[in-house]
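Have a look at target39.pdb below; it lists PDB, N, CA and C atoms and all ligand atoms.
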ATOM      1  N   MET A   1      -0.372  -8.853   4.262  1.00  0.00           N
ATOM      2  CA  MET A   1      -1.621  -8.861   3.478  1.00  0.00           C
ATOM      3  C   MET A   1      -2.136  -7.432   3.275  1.00  0.00           C
ATOM      4  N   LYS A   2      -2.201  -7.017   2.044  1.00  0.00           N
ATOM      5  CA  LYS A   2      -2.673  -5.658   1.765  1.00  0.00           C
ATOM      6  C   LYS A   2      -4.163  -5.670   1.445  1.00  0.00           C
ATOM      7  N   GLN A   3      -4.844  -4.740   2.033  1.00  0.00           N
ATOM      8  CA  GLN A   3      -6.269  -4.617   1.749  1.00  0.00           C
ATOM      9  C   GLN A   3      -6.577  -3.205   1.298  1.00  0.00           C
ATOM     10  N   LYS A   4      -7.493  -3.136   0.363  1.00  0.00           N
ATOM     11  CA  LYS A   4      -7.878  -1.819  -0.141  1.00  0.00           C
ATOM     12  C   LYS A   4      -9.380  -1.710  -0.185  1.00  0.00           C
ATOM     13  N   ILE A   5      -9.861  -0.510   0.069  1.00  0.00           N
ATOM     14  CA  ILE A   5     -11.293  -0.266  -0.123  1.00  0.00           C
ATOM     15  C   ILE A   5     -11.464   0.388  -1.482  1.00  0.00           C
ATOM     16  N   LYS A   6     -12.221  -0.283  -2.316  1.00  0.00           N
ATOM     17  CA  LYS A   6     -12.453   0.241  -3.659  1.00  0.00           C
ATOM     18  C   LYS A   6     -13.949   0.358  -3.909  1.00  0.00           C
ATOM     19  N   GLU A   7     -14.259   1.315  -4.761  1.00  0.00           N
ATOM     20  CA  GLU A   7     -15.662   1.459  -5.136  1.00  0.00           C
ATOM     21  C   GLU A   7     -15.905   0.726  -6.444  1.00  0.00           C
ATOM     22  N   TYR A   8     -16.930  -0.096  -6.436  1.00  0.00           N
ATOM     23  CA  TYR A   8     -17.266  -0.859  -7.630  1.00  0.00           C
ATOM     24  C   TYR A   8     -18.707  -0.630  -8.015  1.00  0.00           C
ATOM     25  N   PHE A   9     -18.957  -0.816  -9.296  1.00  0.00           N
ATOM     26  CA  PHE A   9     -20.309  -0.769  -9.807  1.00  0.00           C
ATOM     27  C   PHE A   9     -20.626  -2.121 -10.426  1.00  0.00           C
ATOM     28  N   CYS A  10     -21.717  -2.716 -10.008  1.00  0.00           N
ATOM     29  CA  CYS A  10     -22.111  -4.020 -10.526  1.00  0.00           C
ATOM     30  C   CYS A  10     -23.006  -3.836 -11.740  1.00  0.00           C
ATOM     31  N   ARG A  11     -22.587  -4.456 -12.835  1.00  0.00           N
ATOM     32  CA  ARG A  11     -23.372  -4.295 -14.065  1.00  0.00           C
ATOM     33  C   ARG A  11     -24.577  -5.221 -14.094  1.00  0.00           C
ATOM     34  N   LYS A  12     -24.587  -6.164 -13.177  1.00  0.00           N
ATOM     35  CA  LYS A  12     -25.697  -7.098 -13.167  1.00  0.00           C
ATOM     36  C   LYS A  12     -26.892  -6.510 -12.413  1.00  0.00           C
ATOM     37  N   CYS A  13     -26.626  -5.956 -11.241  1.00  0.00           N
ATOM     38  CA  CYS A  13     -27.748  -5.422 -10.462  1.00  0.00           C
ATOM     39  C   CYS A  13     -27.718  -3.895 -10.381  1.00  0.00           C
ATOM     40  N   ASN A  14     -26.816  -3.284 -11.143  1.00  0.00           N
ATOM     41  CA  ASN A  14     -26.770  -1.826 -11.242  1.00  0.00           C
ATOM     42  C   ASN A  14     -26.657  -1.133  -9.892  1.00  0.00           C
ATOM     43  N   ARG A  15     -25.775  -1.638  -9.072  1.00  0.00           N
ATOM     44  CA  ARG A  15     -25.556  -1.009  -7.775  1.00  0.00           C
ATOM     45  C   ARG A  15     -24.081  -0.694  -7.631  1.00  0.00           C
ATOM     46  N   SER A  16     -23.794   0.334  -6.876  1.00  0.00           N
ATOM     47  CA  SER A  16     -22.402   0.623  -6.575  1.00  0.00           C
ATOM     48  C   SER A  16     -22.196   0.502  -5.079  1.00  0.00           C
ATOM     49  N   PHE A  17     -20.992   0.102  -4.725  1.00  0.00           N
ATOM     50  CA  PHE A  17     -20.722  -0.168  -3.316  1.00  0.00           C
ATOM     51  C   PHE A  17     -19.223  -0.156  -3.102  1.00  0.00           C
ATOM     52  N   TYR A  18     -18.841  -0.066  -1.839  1.00  0.00           N
ATOM     53  CA  TYR A  18     -17.431  -0.141  -1.492  1.00  0.00           C
ATOM     54  C   TYR A  18     -17.119  -1.544  -1.002  1.00  0.00           C
ATOM     55  N   ILE A  19     -16.011  -2.085  -1.506  1.00  0.00           N
ATOM     56  CA  ILE A  19     -15.612  -3.419  -1.095  1.00  0.00           C
ATOM     57  C   ILE A  19     -14.200  -3.359  -0.535  1.00  0.00           C
ATOM     58  N   LEU A  20     -14.038  -3.965   0.623  1.00  0.00           N
ATOM     59  CA  LEU A  20     -12.698  -4.133   1.170  1.00  0.00           C
ATOM     60  C   LEU A  20     -12.136  -5.417   0.580  1.00  0.00           C
ATOM     61  N   ILE A  21     -11.093  -5.262  -0.232  1.00  0.00           N
ATOM     62  CA  ILE A  21     -10.611  -6.418  -0.987  1.00  0.00           C
ATOM     63  C   ILE A  21      -9.113  -6.613  -0.783  1.00  0.00           C
ATOM     64  N   GLU A  22      -8.725  -7.868  -0.684  1.00  0.00           N
ATOM     65  CA  GLU A  22      -7.306  -8.186  -0.587  1.00  0.00           C
ATOM     66  C   GLU A  22      -6.669  -8.057  -1.964  1.00  0.00           C
ATOM     67  N   GLU A  23      -5.438  -7.568  -1.976  1.00  0.00           N
ATOM     68  CA  GLU A  23      -4.766  -7.371  -3.243  1.00  0.00           C
ATOM     69  C   GLU A  23      -4.605  -8.694  -3.981  1.00  0.00           C
ATOM     70  N   GLY A  24      -4.941  -8.681  -5.264  1.00  0.00           N
ATOM     71  CA  GLY A  24      -4.803  -9.875  -6.067  1.00  0.00           C
ATOM     72  C   GLY A  24      -6.054 -10.721  -6.116  1.00  0.00           C
ATOM     73  N   LYS A  25      -7.016 -10.394  -5.249  1.00  0.00           N
ATOM     74  CA  LYS A  25      -8.261 -11.161  -5.262  1.00  0.00           C
ATOM     75  C   LYS A  25      -9.317 -10.421  -6.063  1.00  0.00           C
ATOM     76  N   LYS A  26     -10.281 -11.199  -6.525  1.00  0.00           N
ATOM     77  CA  LYS A  26     -11.342 -10.611  -7.325  1.00  0.00           C
ATOM     78  C   LYS A  26     -12.470 -10.112  -6.444  1.00  0.00           C
ATOM     79  N   ALA A  27     -12.994  -8.963  -6.835  1.00  0.00           N
ATOM     80  CA  ALA A  27     -14.135  -8.433  -6.101  1.00  0.00           C
ATOM     81  C   ALA A  27     -15.402  -9.124  -6.563  1.00  0.00           C
ATOM     82  N   VAL A  28     -16.274  -9.365  -5.622  1.00  0.00           N
ATOM     83  CA  VAL A  28     -17.550  -9.997  -5.934  1.00  0.00           C
ATOM     84  C   VAL A  28     -18.671  -9.117  -5.395  1.00  0.00           C
ATOM     85  N   CYS A  29     -19.706  -8.968  -6.175  1.00  0.00           N
ATOM     86  CA  CYS A  29     -20.841  -8.163  -5.747  1.00  0.00           C
ATOM     87  C   CYS A  29     -21.479  -8.784  -4.506  1.00  0.00           C
ATOM     88  N   PRO A  30     -21.638  -7.982  -3.454  1.00  0.00           N
ATOM     89  CA  PRO A  30     -22.243  -8.511  -2.230  1.00  0.00           C
ATOM     90  C   PRO A  30     -23.731  -8.783  -2.388  1.00  0.00           C
ATOM     91  N   GLU A  31     -24.325  -8.242  -3.434  1.00  0.00           N
ATOM     92  CA  GLU A  31     -25.763  -8.423  -3.628  1.00  0.00           C
ATOM     93  C   GLU A  31     -26.073  -9.684  -4.438  1.00  0.00           C
ATOM     94  N   CYS A  32     -25.399  -9.815  -5.601  1.00  0.00           N
ATOM     95  CA  CYS A  32     -25.767 -10.912  -6.493  1.00  0.00           C
ATOM     96  C   CYS A  32     -24.597 -11.862  -6.750  1.00  0.00           C
ATOM     97  N   LYS A  33     -23.452 -11.627  -6.061  1.00  0.00           N
ATOM     98  CA  LYS A  33     -22.285 -12.502  -6.173  1.00  0.00           C
ATOM     99  C   LYS A  33     -21.678 -12.507  -7.568  1.00  0.00           C
ATOM    100  N   SER A  34     -22.033 -11.519  -8.381  1.00  0.00           N
ATOM    101  CA  SER A  34     -21.479 -11.456  -9.725  1.00  0.00           C
ATOM    102  C   SER A  34     -20.059 -10.901  -9.689  1.00  0.00           C
ATOM    103  N   GLU A  35     -19.244 -11.342 -10.628  1.00  0.00           N
ATOM    104  CA  GLU A  35     -17.898 -10.788 -10.747  1.00  0.00           C
ATOM    105  C   GLU A  35     -17.834  -9.762 -11.863  1.00  0.00           C
ATOM    106  N   ASP A  36     -18.983  -9.443 -12.419  1.00  0.00           N
ATOM    107  CA  ASP A  36     -19.043  -8.478 -13.509  1.00  0.00           C
ATOM    108  C   ASP A  36     -19.084  -7.066 -12.931  1.00  0.00           C
ATOM    109  N   LEU A  37     -17.965  -6.675 -12.338  1.00  0.00           N
ATOM    110  CA  LEU A  37     -17.907  -5.384 -11.663  1.00  0.00           C
ATOM    111  C   LEU A  37     -17.011  -4.409 -12.401  1.00  0.00           C
ATOM    112  N   VAL A  38     -17.349  -3.161 -12.303  1.00  0.00           N
ATOM    113  CA  VAL A  38     -16.535  -2.112 -12.888  1.00  0.00           C
ATOM    114  C   VAL A  38     -15.944  -1.296 -11.757  1.00  0.00           C
ATOM    115  N   ASN A  39     -14.639  -1.103 -11.806  1.00  0.00           N
ATOM    116  CA  ASN A  39     -13.991  -0.291 -10.789  1.00  0.00           C
ATOM    117  C   ASN A  39     -14.315   1.176 -11.041  1.00  0.00           C
ATOM    118  N   VAL A  40     -14.889   1.815 -10.062  1.00  0.00           N
ATOM    119  CA  VAL A  40     -15.252   3.222 -10.201  1.00  0.00           C
ATOM    120  C   VAL A  40     -14.097   4.082  -9.704  1.00  0.00           C
ATOM    121  N   PRO A  41     -13.563   4.919 -10.584  1.00  0.00           N
ATOM    122  CA  PRO A  41     -12.511   5.834 -10.123  1.00  0.00           C
ATOM    123  C   PRO A  41     -13.095   6.842  -9.137  1.00  0.00           C
ATOM    124  N   ASN A  42     -12.228   7.434  -8.347  1.00  0.00           N
ATOM    125  CA  ASN A  42     -12.702   8.372  -7.331  1.00  0.00           C
ATOM    126  C   ASN A  42     -13.732   9.327  -7.914  1.00  0.00           C
ATOM    127  N   SER A  43     -14.908   9.261  -7.374  1.00  0.00           N
ATOM    128  CA  SER A  43     -16.013  10.019  -7.944  1.00  0.00           C
ATOM    129  C   SER A  43     -15.781  11.521  -7.790  1.00  0.00           C
ATOM    130  N   PRO A  44     -16.139  12.281  -8.817  1.00  0.00           N
ATOM    131  CA  PRO A  44     -15.899  13.732  -8.805  1.00  0.00           C
ATOM    132  C   PRO A  44     -16.980  14.504  -8.070  1.00  0.00           C
ATOM    133  N   LYS A  45     -17.607  13.860  -7.104  1.00  0.00           N
ATOM    134  CA  LYS A  45     -18.720  14.520  -6.422  1.00  0.00           C
ATOM    135  C   LYS A  45     -18.260  15.752  -5.640  1.00  0.00           C
ATOM    136  N   LYS A  46     -16.990  15.750  -5.239  1.00  0.00           N
ATOM    137  CA  LYS A  46     -16.508  16.879  -4.449  1.00  0.00           C
ATOM    138  C   LYS A  46     -16.587  18.178  -5.242  1.00  0.00           C
ATOM    139  N   ASN A  47     -16.406  18.071  -6.556  1.00  0.00           N
ATOM    140  CA  ASN A  47     -16.486  19.267  -7.383  1.00  0.00           C
ATOM    141  C   ASN A  47     -17.900  19.829  -7.402  1.00  0.00           C
ATOM    142  N   VAL A  48     -18.864  18.954  -7.250  1.00  0.00           N
ATOM    143  CA  VAL A  48     -20.254  19.381  -7.294  1.00  0.00           C
ATOM    144  C   VAL A  48     -20.588  20.195  -6.054  1.00  0.00           C
ATOM    145  N   GLN A  49     -20.016  19.806  -4.938  1.00  0.00           N
ATOM    146  CA  GLN A  49     -20.352  20.479  -3.676  1.00  0.00           C
ATOM    147  C   GLN A  49     -19.934  21.944  -3.663  1.00  0.00           C
ATOM    148  N   ILE A  50     -18.944  22.270  -4.491  1.00  0.00           N
ATOM    149  CA  ILE A  50     -18.483  23.659  -4.519  1.00  0.00           C
ATOM    150  C   ILE A  50     -19.613  24.585  -4.970  1.00  0.00           C
ATOM    151  N   ASN A  51     -20.421  24.079  -5.899  1.00  0.00           N
ATOM    152  CA  ASN A  51     -21.511  24.902  -6.426  1.00  0.00           C
ATOM    153  C   ASN A  51     -22.805  24.776  -5.631  1.00  0.00           C
ATOM    154  N   CYS A  52     -22.751  24.011  -4.579  1.00  0.00           N
ATOM    155  CA  CYS A  52     -23.974  23.780  -3.821  1.00  0.00           C
ATOM    156  C   CYS A  52     -24.355  25.005  -2.996  1.00  0.00           C
ATOM    157  N   LYS A  53     -25.564  25.463  -3.203  1.00  0.00           N
ATOM    158  CA  LYS A  53     -26.040  26.624  -2.427  1.00  0.00           C
ATOM    159  C   LYS A  53     -27.264  26.216  -1.614  1.00  0.00           C
ATOM    160  N   CYS A  54     -27.154  25.061  -1.009  1.00  0.00           N
ATOM    161  CA  CYS A  54     -28.338  24.503  -0.350  1.00  0.00           C
ATOM    162  C   CYS A  54     -28.314  24.698   1.159  1.00  0.00           C
ATOM    163  N   SER A  55     -27.424  25.547   1.648  1.00  0.00           N
ATOM    164  CA  SER A  55     -27.392  25.741   3.106  1.00  0.00           C
ATOM    165  C   SER A  55     -28.617  26.511   3.569  1.00  0.00           C
ATOM    166  N   LYS A  56     -29.209  26.033   4.624  1.00  0.00           N
ATOM    167  CA  LYS A  56     -30.422  26.681   5.138  1.00  0.00           C
ATOM    168  C   LYS A  56     -30.145  27.243   6.526  1.00  0.00           C
ATOM    169  N   ASP A  57     -29.973  28.524   6.551  1.00  0.00           N
ATOM    170  CA  ASP A  57     -29.714  29.169   7.852  1.00  0.00           C
ATOM    171  C   ASP A  57     -30.799  30.172   8.206  1.00  0.00           C
TER     172      ASP A  57
HETATM  173 ZN    ZN B   1     -24.627  -7.293  -8.284  1.00  0.00          ZN
END
Here is the file; what I need is its structure written in the form of structure tokens.
Amino acid sequence: MKQKIKEYFCRKCNRSFYILIEEGKKAVCPECKSEDLVNVPNSPKKNVQINCKCSKD
């Protein structure tokens, strides 16, 4: 049994979350049980951190 953690965005309640899902099964929103989910590709947030100058020393 293969399981994957994927990031999804729910179009019904406008939330994103990570779901541990078995391969071949449909992801369901944990908030509203909707199947109207969009798979979010790996977010490019790491690129943003490069420009971050928010360290407080
Ligand atoms: Zn939802």
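Residues in contact with segment 15-25 of chain A at 7 Å, where all atoms listed in the file are counted and same-chain residues fewer than 3 positions away are skipped, are listed as A:Met1, A:Lys2, A:Gln3, A:Lys4, A:Ile5, A:Lys6, A:Glu7, A:Tyr8, A:Phe9, A:Cys10, A:Arg11, A:Lys12.
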Please return as a ChimeraX atom specification the residues found within 8 Å of ligand ZN 1 (chain B), counting only C-alpha atoms and all ligand atoms. /A:9-15,28-37
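The spacing separating atom N of Lys26 of chain A from atom CA of Val40 of chain A amounts to 15.7 Å.
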Can you sort out the box for segment 27-39 of chain A, edges along x, y and z, all listed atoms in, 5 Å on every side, with centre and edge lengths in Å to one decimal, as lines of an AutoDock Vina configuration file?
center_x = -19.5
center_y = -5.7
center_z = -7.9
size_x = 23.1
size_y = 23.7
size_z = 21.3
Could you go through segment 2-49 of chain A and tell me which residues DSSP, when run on the backbone, assigns to strand (DSSP E or B), listing them as JSON, numbers by chain? {"A": [3, 4, 5, 6, 7, 8, 9, 10, 15, 16, 17, 18, 19, 20, 21, 22, 37, 38, 39]}
